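model-v9.cif (mmCIF, N, CA and C atoms) appears below.
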```
data_input
#
loop_
_atom_site.label_atom_id
_atom_site.label_comp_id
_atom_site.auth_asym_id
_atom_site.auth_seq_id
_atom_site.Cartn_x
_atom_site.Cartn_y
_atom_site.Cartn_z
N MET A 1 0.84 -1.18 0.00
CA MET A 1 0.00 0.00 0.00
C MET A 1 0.89 1.24 0.00
N PRO A 2 0.48 2.31 -0.68
CA PRO A 2 1.30 3.51 -0.68
C PRO A 2 1.35 4.15 0.70
N ASP A 3 2.30 5.03 0.88
CA ASP A 3 2.44 5.79 2.11
C ASP A 3 1.10 6.44 2.44
N PHE A 4 0.69 6.39 3.73
CA PHE A 4 -0.63 6.88 4.13
C PHE A 4 -0.84 8.33 3.72
N SER A 5 0.15 9.20 3.99
CA SER A 5 -0.05 10.60 3.66
C SER A 5 -0.23 10.79 2.16
N THR A 6 0.49 10.03 1.35
CA THR A 6 0.34 10.12 -0.10
C THR A 6 -1.05 9.65 -0.51
N LEU A 7 -1.47 8.52 0.00
CA LEU A 7 -2.80 8.00 -0.31
C LEU A 7 -3.86 9.00 0.14
N ALA A 8 -3.75 9.48 1.37
CA ALA A 8 -4.73 10.43 1.90
C ALA A 8 -4.76 11.71 1.08
N GLU A 9 -3.59 12.21 0.72
CA GLU A 9 -3.53 13.44 -0.07
C GLU A 9 -4.15 13.24 -1.45
N GLU A 10 -3.85 12.13 -2.08
CA GLU A 10 -4.41 11.86 -3.41
C GLU A 10 -5.92 11.69 -3.36
N ILE A 11 -6.41 11.02 -2.33
CA ILE A 11 -7.85 10.84 -2.20
C ILE A 11 -8.54 12.16 -1.92
N ASP A 12 -7.96 12.97 -1.03
CA ASP A 12 -8.54 14.29 -0.77
C ASP A 12 -8.57 15.14 -2.03
N ALA A 13 -7.48 15.13 -2.78
CA ALA A 13 -7.42 15.89 -4.03
C ALA A 13 -8.44 15.36 -5.04
N ALA A 14 -8.59 14.04 -5.09
CA ALA A 14 -9.56 13.44 -6.02
C ALA A 14 -10.98 13.84 -5.66
N LEU A 15 -11.29 13.83 -4.39
CA LEU A 15 -12.63 14.20 -3.95
C LEU A 15 -12.93 15.65 -4.36
N LEU A 16 -12.00 16.54 -4.10
CA LEU A 16 -12.21 17.95 -4.46
C LEU A 16 -12.32 18.14 -5.97
N SER A 17 -11.46 17.47 -6.70
CA SER A 17 -11.44 17.61 -8.15
C SER A 17 -12.72 17.08 -8.78
N HIS A 18 -13.19 15.95 -8.34
CA HIS A 18 -14.37 15.36 -8.96
C HIS A 18 -15.65 16.09 -8.57
N VAL A 19 -15.68 16.69 -7.38
CA VAL A 19 -16.81 17.55 -7.03
C VAL A 19 -16.80 18.79 -7.92
N ALA A 20 -15.61 19.29 -8.21
CA ALA A 20 -15.49 20.48 -9.05
C ALA A 20 -16.01 20.24 -10.47
N TRP A 21 -15.96 18.99 -10.95
CA TRP A 21 -16.46 18.71 -12.29
C TRP A 21 -17.93 19.06 -12.43
N LYS A 22 -18.71 18.75 -11.43
CA LYS A 22 -20.14 19.07 -11.52
C LYS A 22 -20.32 20.58 -11.66
N HIS A 23 -19.55 21.32 -10.88
CA HIS A 23 -19.63 22.78 -10.96
C HIS A 23 -19.20 23.28 -12.34
N ARG A 24 -18.10 22.72 -12.85
CA ARG A 24 -17.60 23.14 -14.17
C ARG A 24 -18.61 22.82 -15.28
N LEU A 25 -19.19 21.65 -15.21
CA LEU A 25 -20.17 21.27 -16.23
C LEU A 25 -21.41 22.15 -16.13
N ARG A 26 -21.86 22.42 -14.92
CA ARG A 26 -23.04 23.28 -14.74
C ARG A 26 -22.74 24.69 -15.25
N THR A 27 -21.59 25.22 -14.90
CA THR A 27 -21.19 26.55 -15.36
C THR A 27 -21.13 26.60 -16.88
N ALA A 28 -20.57 25.56 -17.48
CA ALA A 28 -20.50 25.49 -18.94
C ALA A 28 -21.90 25.47 -19.55
N ALA A 29 -22.79 24.74 -18.93
CA ALA A 29 -24.16 24.66 -19.45
C ALA A 29 -24.87 26.00 -19.34
N LEU A 30 -24.74 26.65 -18.20
CA LEU A 30 -25.45 27.91 -17.99
C LEU A 30 -24.88 29.04 -18.83
N SER A 31 -23.58 29.02 -19.04
CA SER A 31 -22.95 30.08 -19.85
C SER A 31 -22.94 29.73 -21.33
N GLN A 32 -23.29 28.50 -21.64
CA GLN A 32 -23.27 27.96 -23.00
C GLN A 32 -21.89 28.15 -23.65
N GLU A 33 -20.86 28.02 -22.82
CA GLU A 33 -19.49 28.04 -23.29
C GLU A 33 -18.84 26.75 -22.84
N PHE A 34 -18.27 26.04 -23.78
CA PHE A 34 -17.69 24.76 -23.43
C PHE A 34 -16.44 24.54 -24.24
N SER A 35 -15.29 24.60 -23.58
CA SER A 35 -14.03 24.51 -24.32
C SER A 35 -13.15 23.32 -23.92
N ILE A 36 -13.57 22.54 -22.93
CA ILE A 36 -12.77 21.38 -22.52
C ILE A 36 -13.09 20.22 -23.46
N PRO A 37 -12.06 19.59 -24.01
CA PRO A 37 -12.34 18.47 -24.93
C PRO A 37 -13.11 17.34 -24.24
N VAL A 38 -14.17 16.92 -24.88
CA VAL A 38 -15.04 15.88 -24.34
C VAL A 38 -14.24 14.61 -24.05
N HIS A 39 -13.32 14.25 -24.93
CA HIS A 39 -12.58 13.00 -24.76
C HIS A 39 -11.74 13.02 -23.48
N GLU A 40 -11.30 14.19 -23.04
CA GLU A 40 -10.54 14.27 -21.79
C GLU A 40 -11.44 14.07 -20.58
N ILE A 41 -12.64 14.60 -20.65
CA ILE A 41 -13.58 14.44 -19.54
C ILE A 41 -14.07 12.99 -19.47
N ALA A 42 -14.28 12.39 -20.61
CA ALA A 42 -14.80 11.03 -20.66
C ALA A 42 -13.77 9.98 -20.28
N SER A 43 -12.50 10.35 -20.29
CA SER A 43 -11.44 9.39 -20.00
C SER A 43 -11.02 9.48 -18.53
N ASP A 44 -10.82 8.32 -17.92
CA ASP A 44 -10.37 8.31 -16.52
C ASP A 44 -8.85 8.41 -16.40
N THR A 45 -8.16 8.62 -17.52
CA THR A 45 -6.70 8.69 -17.48
C THR A 45 -6.14 10.10 -17.63
N PHE A 46 -6.97 11.08 -17.91
CA PHE A 46 -6.48 12.44 -18.07
C PHE A 46 -6.38 13.18 -16.74
N CYS A 47 -7.19 12.84 -15.78
CA CYS A 47 -7.15 13.57 -14.51
C CYS A 47 -5.97 13.09 -13.66
N ARG A 48 -5.58 13.93 -12.73
CA ARG A 48 -4.45 13.63 -11.85
C ARG A 48 -4.66 12.32 -11.10
N PHE A 49 -5.86 12.12 -10.58
CA PHE A 49 -6.12 10.92 -9.80
C PHE A 49 -6.02 9.66 -10.66
N GLY A 50 -6.55 9.72 -11.86
CA GLY A 50 -6.45 8.58 -12.77
C GLY A 50 -5.00 8.25 -13.10
N GLN A 51 -4.20 9.28 -13.27
CA GLN A 51 -2.77 9.07 -13.54
C GLN A 51 -2.08 8.48 -12.31
N TRP A 52 -2.46 8.93 -11.13
CA TRP A 52 -1.89 8.39 -9.90
C TRP A 52 -2.26 6.91 -9.75
N LEU A 53 -3.52 6.59 -10.00
CA LEU A 53 -3.95 5.19 -9.92
C LEU A 53 -3.12 4.31 -10.84
N ALA A 54 -2.92 4.79 -12.05
CA ALA A 54 -2.15 4.02 -13.03
C ALA A 54 -0.69 3.86 -12.62
N SER A 55 -0.20 4.77 -11.79
CA SER A 55 1.21 4.73 -11.40
C SER A 55 1.48 3.78 -10.23
N LEU A 56 0.42 3.28 -9.59
CA LEU A 56 0.63 2.38 -8.45
C LEU A 56 1.25 1.07 -8.92
N ASN A 57 2.06 0.49 -8.06
CA ASN A 57 2.72 -0.77 -8.46
C ASN A 57 1.70 -1.90 -8.51
N PRO A 58 2.03 -2.98 -9.21
CA PRO A 58 1.06 -4.08 -9.40
C PRO A 58 0.50 -4.66 -8.10
N ASP A 59 1.31 -4.75 -7.05
CA ASP A 59 0.79 -5.25 -5.77
C ASP A 59 -0.32 -4.35 -5.23
N GLU A 60 -0.11 -3.04 -5.32
CA GLU A 60 -1.12 -2.09 -4.85
C GLU A 60 -2.37 -2.15 -5.71
N GLN A 61 -2.19 -2.45 -7.00
CA GLN A 61 -3.33 -2.51 -7.91
C GLN A 61 -4.18 -3.77 -7.74
N ARG A 62 -3.73 -4.69 -6.97
CA ARG A 62 -4.51 -5.91 -6.72
C ARG A 62 -5.40 -5.80 -5.48
N SER A 63 -5.37 -4.67 -4.81
CA SER A 63 -6.17 -4.53 -3.60
C SER A 63 -7.66 -4.35 -3.94
N TYR A 64 -8.51 -4.74 -3.01
CA TYR A 64 -9.95 -4.57 -3.16
C TYR A 64 -10.30 -3.11 -3.38
N TYR A 65 -9.69 -2.22 -2.60
CA TYR A 65 -10.03 -0.80 -2.69
C TYR A 65 -9.62 -0.22 -4.04
N PHE A 66 -8.45 -0.60 -4.52
CA PHE A 66 -8.00 -0.12 -5.82
C PHE A 66 -8.99 -0.53 -6.91
N GLU A 67 -9.34 -1.81 -6.93
CA GLU A 67 -10.25 -2.31 -7.96
C GLU A 67 -11.60 -1.59 -7.93
N ARG A 68 -12.14 -1.42 -6.73
CA ARG A 68 -13.43 -0.76 -6.58
C ARG A 68 -13.36 0.70 -7.03
N VAL A 69 -12.35 1.41 -6.54
CA VAL A 69 -12.20 2.82 -6.88
C VAL A 69 -11.93 2.99 -8.38
N LYS A 70 -11.08 2.15 -8.93
CA LYS A 70 -10.75 2.26 -10.36
C LYS A 70 -12.02 2.09 -11.21
N THR A 71 -12.83 1.10 -10.88
CA THR A 71 -14.08 0.87 -11.61
C THR A 71 -15.03 2.06 -11.48
N LEU A 72 -15.24 2.52 -10.26
CA LEU A 72 -16.16 3.64 -10.03
C LEU A 72 -15.63 4.92 -10.67
N HIS A 73 -14.33 5.13 -10.62
CA HIS A 73 -13.71 6.30 -11.23
C HIS A 73 -13.95 6.28 -12.75
N PHE A 74 -13.75 5.13 -13.36
CA PHE A 74 -14.01 4.98 -14.80
C PHE A 74 -15.48 5.30 -15.10
N GLU A 75 -16.39 4.71 -14.33
CA GLU A 75 -17.82 4.92 -14.55
C GLU A 75 -18.22 6.38 -14.37
N PHE A 76 -17.61 7.04 -13.38
CA PHE A 76 -17.87 8.47 -13.16
C PHE A 76 -17.48 9.27 -14.40
N HIS A 77 -16.30 8.98 -14.94
CA HIS A 77 -15.85 9.72 -16.12
C HIS A 77 -16.73 9.44 -17.34
N VAL A 78 -17.25 8.24 -17.46
CA VAL A 78 -18.19 7.93 -18.55
C VAL A 78 -19.43 8.82 -18.43
N LYS A 79 -19.97 8.92 -17.22
CA LYS A 79 -21.16 9.75 -16.99
C LYS A 79 -20.85 11.21 -17.27
N ALA A 80 -19.74 11.70 -16.73
CA ALA A 80 -19.36 13.11 -16.94
C ALA A 80 -19.10 13.37 -18.42
N GLY A 81 -18.47 12.43 -19.09
CA GLY A 81 -18.21 12.57 -20.52
C GLY A 81 -19.48 12.63 -21.34
N ALA A 82 -20.47 11.85 -20.96
CA ALA A 82 -21.76 11.89 -21.67
C ALA A 82 -22.41 13.26 -21.52
N ILE A 83 -22.32 13.83 -20.33
CA ILE A 83 -22.88 15.17 -20.10
C ILE A 83 -22.08 16.20 -20.90
N ALA A 84 -20.77 16.07 -20.91
CA ALA A 84 -19.93 16.98 -21.70
C ALA A 84 -20.29 16.90 -23.18
N GLN A 85 -20.58 15.70 -23.67
CA GLN A 85 -20.96 15.53 -25.07
C GLN A 85 -22.29 16.22 -25.34
N MET A 86 -23.22 16.11 -24.41
CA MET A 86 -24.50 16.81 -24.57
C MET A 86 -24.28 18.31 -24.71
N LEU A 87 -23.38 18.84 -23.87
CA LEU A 87 -23.07 20.27 -23.94
C LEU A 87 -22.41 20.62 -25.27
N ALA A 88 -21.47 19.80 -25.69
CA ALA A 88 -20.78 20.04 -26.96
C ALA A 88 -21.77 20.00 -28.13
N ASP A 89 -22.80 19.18 -28.00
CA ASP A 89 -23.84 19.06 -29.03
C ASP A 89 -24.89 20.16 -28.93
N GLY A 90 -24.77 21.02 -27.91
CA GLY A 90 -25.73 22.11 -27.73
C GLY A 90 -27.00 21.71 -27.03
N ASP A 91 -27.03 20.54 -26.42
CA ASP A 91 -28.22 20.04 -25.74
C ASP A 91 -28.14 20.39 -24.25
N THR A 92 -28.22 21.68 -23.98
CA THR A 92 -28.04 22.19 -22.62
C THR A 92 -29.10 21.68 -21.65
N ALA A 93 -30.34 21.65 -22.07
CA ALA A 93 -31.42 21.21 -21.18
C ALA A 93 -31.22 19.77 -20.73
N THR A 94 -30.86 18.90 -21.65
CA THR A 94 -30.62 17.49 -21.31
C THR A 94 -29.39 17.36 -20.41
N ALA A 95 -28.36 18.15 -20.70
CA ALA A 95 -27.15 18.12 -19.88
C ALA A 95 -27.45 18.55 -18.44
N LEU A 96 -28.21 19.62 -18.28
CA LEU A 96 -28.58 20.07 -16.94
C LEU A 96 -29.43 19.04 -16.22
N ALA A 97 -30.34 18.41 -16.94
CA ALA A 97 -31.17 17.36 -16.33
C ALA A 97 -30.29 16.20 -15.88
N ALA A 98 -29.30 15.84 -16.70
CA ALA A 98 -28.39 14.75 -16.33
C ALA A 98 -27.54 15.11 -15.12
N LEU A 99 -27.10 16.37 -15.05
CA LEU A 99 -26.31 16.81 -13.88
C LEU A 99 -27.12 16.71 -12.59
N ASN A 100 -28.42 16.92 -12.71
CA ASN A 100 -29.30 16.85 -11.54
C ASN A 100 -29.90 15.46 -11.36
N GLY A 101 -29.64 14.58 -12.30
CA GLY A 101 -30.27 13.27 -12.31
C GLY A 101 -29.63 12.26 -11.37
N VAL A 102 -30.33 11.17 -11.21
CA VAL A 102 -29.93 10.11 -10.30
C VAL A 102 -28.63 9.44 -10.74
N ASP A 103 -28.50 9.12 -12.02
CA ASP A 103 -27.33 8.37 -12.49
C ASP A 103 -26.01 9.06 -12.15
N TYR A 104 -25.87 10.31 -12.56
CA TYR A 104 -24.62 11.04 -12.32
C TYR A 104 -24.37 11.21 -10.83
N ASN A 105 -25.38 11.62 -10.11
CA ASN A 105 -25.21 11.90 -8.68
C ASN A 105 -24.95 10.62 -7.88
N LEU A 106 -25.60 9.54 -8.25
CA LEU A 106 -25.36 8.27 -7.56
C LEU A 106 -23.93 7.80 -7.81
N LYS A 107 -23.47 7.90 -9.05
CA LYS A 107 -22.10 7.47 -9.37
C LYS A 107 -21.09 8.34 -8.64
N SER A 108 -21.36 9.62 -8.55
CA SER A 108 -20.48 10.54 -7.82
C SER A 108 -20.41 10.17 -6.34
N LYS A 109 -21.56 9.87 -5.76
CA LYS A 109 -21.61 9.49 -4.34
C LYS A 109 -20.93 8.15 -4.09
N GLU A 110 -21.12 7.21 -5.00
CA GLU A 110 -20.48 5.90 -4.86
C GLU A 110 -18.96 6.04 -4.90
N LEU A 111 -18.47 6.86 -5.82
CA LEU A 111 -17.03 7.08 -5.93
C LEU A 111 -16.50 7.75 -4.66
N ALA A 112 -17.18 8.77 -4.19
CA ALA A 112 -16.74 9.46 -2.98
C ALA A 112 -16.72 8.51 -1.78
N SER A 113 -17.73 7.68 -1.67
CA SER A 113 -17.81 6.73 -0.56
C SER A 113 -16.67 5.71 -0.63
N ALA A 114 -16.40 5.20 -1.83
CA ALA A 114 -15.32 4.23 -1.99
C ALA A 114 -13.96 4.86 -1.69
N LEU A 115 -13.78 6.12 -2.10
CA LEU A 115 -12.54 6.82 -1.80
C LEU A 115 -12.35 6.98 -0.29
N MET A 116 -13.43 7.35 0.39
CA MET A 116 -13.35 7.52 1.84
C MET A 116 -13.09 6.19 2.55
N GLU A 117 -13.68 5.11 2.07
CA GLU A 117 -13.41 3.77 2.64
C GLU A 117 -11.95 3.40 2.46
N TRP A 118 -11.41 3.65 1.28
CA TRP A 118 -10.00 3.34 1.01
C TRP A 118 -9.09 4.15 1.92
N LYS A 119 -9.41 5.42 2.06
CA LYS A 119 -8.61 6.29 2.93
C LYS A 119 -8.66 5.80 4.37
N ALA A 120 -9.83 5.43 4.85
CA ALA A 120 -10.00 4.95 6.23
C ALA A 120 -9.31 3.63 6.46
N SER A 121 -9.16 2.82 5.42
CA SER A 121 -8.57 1.49 5.58
C SER A 121 -7.05 1.53 5.74
N SER A 122 -6.47 2.65 5.41
CA SER A 122 -5.00 2.73 5.42
C SER A 122 -4.44 3.04 6.79
#
```

Will you turn the file into structure tokens for me?
Amino acid sequence: MPDFSTLAEEIDAALLSHVAWKHRLRTAALSQEFSIPVHEIASDTFCRFGQWLASLNPDEQRSYYFERVKTLHFEFHVKAGAIAQMLADGDTATALAALNGVDYNLKSKELASALMEWKASS
């Protein structure tokens, strides 16, 4: 397992960053300005946390927490990417509905919960 402070710092940063995505997407929808490439939002490898996950050694990547968080992180980015695509397509109303919808918010909460469990387990 990585050093506790490193794991804790990365999880804290991930929580803040992923909460900020909802704000960024909402702001983009309301201002009807959207300049972040959809493919970066839809990918779990462009964000700092995704890069950190990929950098963990193979032993660390076999842990229950890693597997759970990696899956939820990927799923979160798929949901966020779909909303970003709606915005890029000019479908602001649908994007706002998705931001307020159950799917996106449930995935966000599941990811946050799994991150907090991983942090507590260290």

Practice task
Quick one: everything within 7 Å of Phe74 of chain A, counting only N, CA and C atoms, minus sequence neighbours fewer than 4 positions away in the same chain. Send it as a PyMOL selection string.
Solution key: chain A and resi 43-44+69-70+78-79

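Checking A:Lys107, A:Arg26, A:Tyr65, A:Gly81 one by one against Ile41 of chain A, counting all atoms listed in the file, you find the shortest gap at A:Gly81.
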
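In this comparison, which uses only C-alpha atoms, the residue of A:Ser121, A:Thr45, A:Ser55, A:Ser108 approaching Ala20 of chain A most closely is A:Ser108.
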
Practice task
Please measure the separation of atom CA of Ile11 of chain A and atom N of Ala42 of chain A, giving the value in Å to one decimal.
Solution key: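 According to the coordinates, atom CA of Ile11 of chain A and atom N of Ala42 of chain A are separated by 19.6 Å.
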
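Atom pair atom C of Arg48 of chain A / atom CA of Glu75 of chain A: separated by 15.5 Å.
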
Could you pull the residues within 8 Å of Val38 of chain A, counting all atoms listed in the file, minus those fewer than 4 positions along the same chain, as a PDB file with N, CA and C atoms, in the coordinates of the input?
```pdb
ATOM      1  N   PHE A  34     -18.270  26.040 -23.780  1.00  0.00           N
ATOM      2  CA  PHE A  34     -17.690  24.760 -23.430  1.00  0.00           C
ATOM      3  C   PHE A  34     -16.440  24.540 -24.240  1.00  0.00           C
ATOM      4  N   ALA A  42     -14.280  12.390 -20.610  1.00  0.00           N
ATOM      5  CA  ALA A  42     -14.800  11.030 -20.660  1.00  0.00           C
ATOM      6  C   ALA A  42     -13.770   9.980 -20.280  1.00  0.00           C
ATOM      7  N   SER A  43     -12.500  10.350 -20.290  1.00  0.00           N
ATOM      8  CA  SER A  43     -11.440   9.390 -20.000  1.00  0.00           C
ATOM      9  C   SER A  43     -11.020   9.480 -18.530  1.00  0.00           C
ATOM     10  N   ALA A  80     -19.740  11.700 -16.730  1.00  0.00           N
ATOM     11  CA  ALA A  80     -19.360  13.110 -16.940  1.00  0.00           C
ATOM     12  C   ALA A  80     -19.100  13.370 -18.420  1.00  0.00           C
ATOM     13  N   GLY A  81     -18.470  12.430 -19.090  1.00  0.00           N
ATOM     14  CA  GLY A  81     -18.210  12.570 -20.520  1.00  0.00           C
ATOM     15  C   GLY A  81     -19.480  12.630 -21.340  1.00  0.00           C
ATOM     16  N   ALA A  82     -20.470  11.850 -20.960  1.00  0.00           N
ATOM     17  CA  ALA A  82     -21.760  11.890 -21.670  1.00  0.00           C
ATOM     18  C   ALA A  82     -22.410  13.260 -21.520  1.00  0.00           C
ATOM     19  N   ILE A  83     -22.320  13.830 -20.330  1.00  0.00           N
ATOM     20  CA  ILE A  83     -22.880  15.170 -20.100  1.00  0.00           C
ATOM     21  C   ILE A  83     -22.080  16.200 -20.900  1.00  0.00           C
ATOM     22  N   ALA A  84     -20.770  16.070 -20.910  1.00  0.00           N
ATOM     23  CA  ALA A  84     -19.930  16.980 -21.700  1.00  0.00           C
ATOM     24  C   ALA A  84     -20.290  16.900 -23.180  1.00  0.00           C
ATOM     25  N   GLN A  85     -20.580  15.700 -23.670  1.00  0.00           N
ATOM     26  CA  GLN A  85     -20.960  15.530 -25.070  1.00  0.00           C
ATOM     27  C   GLN A  85     -22.290  16.220 -25.340  1.00  0.00           C
ATOM     28  N   ALA A  88     -21.470  19.800 -25.690  1.00  0.00           N
ATOM     29  CA  ALA A  88     -20.780  20.040 -26.960  1.00  0.00           C
ATOM     30  C   ALA A  88     -21.770  20.000 -28.130  1.00  0.00           C
TER      31      ALA A  88
END
```

Exercise for the section: Enumerate, as a list of chain:residue names, the residues matched when the PyMOL selection byres (((chain A and resi 87 and name CA) around 9) and name CA) is run on the file above. Expected result: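 Checking the PyMOL selection byres (((chain A and resi 87 and name CA) around 9) and name CA) against this file, the residues are A:Leu25, A:Ala28, A:Ala29, A:Gln32, A:Glu33, A:Phe34, A:Ala82, A:Ile83, A:Ala84, A:Gln85, A:Met86, A:Ala88, A:Asp89, A:Gly90, A:Asp91, A:Thr92, A:Ala93, A:Thr94, A:Ala95, A:Leu96.
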
Practice task
Assign secondary structure with DSSP using the backbone only, and return the residues of chain A in alpha helix (DSSP H) as a ChimeraX atom specification.
Solution key: /A:4-31,38-42,48-55,58-61,64-88,92-100,102-121

Exercise for the section: Rounded to one decimal place, report the atom C of Thr71 of chain A-atom N of Ser35 of chain A distance in Å. Expected result: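 Rounded to one decimal, the two atoms are 25.6 Å apart.
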
Practice task
Quick one: apply the PyMOL selection byres (((chain A and resi 112 and name CA) around 10) and name CA) to the file and drop the selected residues here as a ChimeraX atom specification.
Solution key: /A:11-12,14-16,18-19,69,72-73,106-111,113-118

Could you give me the axis-aligned bounding box of segment 6-14 of chain A, with 6 Å of padding per side, as centre plus edge lengths in Å to one decimal, as lines of an AutoDock Vina configuration file?
```
center_x = -5.2
center_y = 11.9
center_z = -2.1
size_x = 23.5
size_y = 19.9
size_z = 19.9
```
